[in-house]
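Asks: Just passing along the structure, written as structure tokens.
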Amino acid sequence: MDRREFLQSGTIFGALIAVSGFSMASACATKNLAVGTAIDDAVSTDNDNLPFKKVIKTDAEWKKILTPEQYRITRQAGTEAPYSSPLNDIHDKGTFACVCCDLPLFSSETKFESHTGWPSFYTPIKKINVKENVDNSLLETRTEVLCNRCDAHLGHVFDDGPKPTGLRYCMNGAAMKFIKA
């Protein structure tokens, strides 16, 4: 794996390697690991308080399990076309889970019609299941929402949602899968 792949993997360990110019062999030696050790084994998370183990894969591993559209959206912070997701039309009871790692993200009970073209929710199942980052990629500052287990880009959260939270989690349908209750 080269520095670019490490940096794109989103791992703290990978980012340090990419920025510092260390090779994979140097990084493994630093961690007392053999070259070829799985990234999952080489990376420790700073947040040991999570109720789940972080899922960390290489770009090649993600590409094997995701469609090109899912990969573009979840691993490269893409956005699907509005009104293109079949999840917009799901009104059954169930759970919307991360397409990358299966972590339950949103309940159908919190889904609402936002008329924006993307599946929208007013709260996650558990706040710990998602994390938020400042996103300055456009001319405005937005709040990006990611899966907290695998760092998949899910969408953005806005403060124009319904009660009781006033939030609108505007998610890419390709970043999630629906599990019917």
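By order of appearance in the structure tokens: chains A, B, ..., then residues from 1 within every chain, and ligands from 1 in the order shown.
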I'd like the contact shell of Trp62 of chain A - 10 Å cut-off, only C-alpha atoms, skipping same-chain residues fewer than 5 positions apart - returned as number ranges by chain.

Replies: A: 9, 56-57, 67-68, 70-71, 74-75, 100

Asks: Could you write out, as a VMD selection string, all the residues of segment 31-138 of chain A that DSSP marks as helix (DSSP H, G or I)?

Replies: chain A and resid 39 to 42 59 to 65 68 to 76 86 to 89 108 to 110 127 to 129

Asks: With distances taken over only C-alpha atoms, which residue among A:Leu154, A:Val130, A:Val99, A:Ile125 lies nearest Lys177 of chain A?

Replies: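 Nearest candidate to Lys177 of chain A out of A:Leu154, A:Val130, A:Val99, A:Ile125: A:Val99.
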
Asks: Which residue is closest to Leu50 of chain A? Choose from A:Lys93, A:Ile73, A:Ile128, A:Pro86 and count only C-alpha atoms.

Replies: A:Ile128

Asks: Taking 5 positions as the minimum chain separation for residues in the same chain, which residues sit within 12 Å of segment 163-171 of chain A when counting only C-alpha atoms? Answer as a PyMOL selection string.

Replies: chain A and resi 73-74+77-83+85+87-88+96-98+105-107+110-125+127+130-132+142-147+152-158+176-177
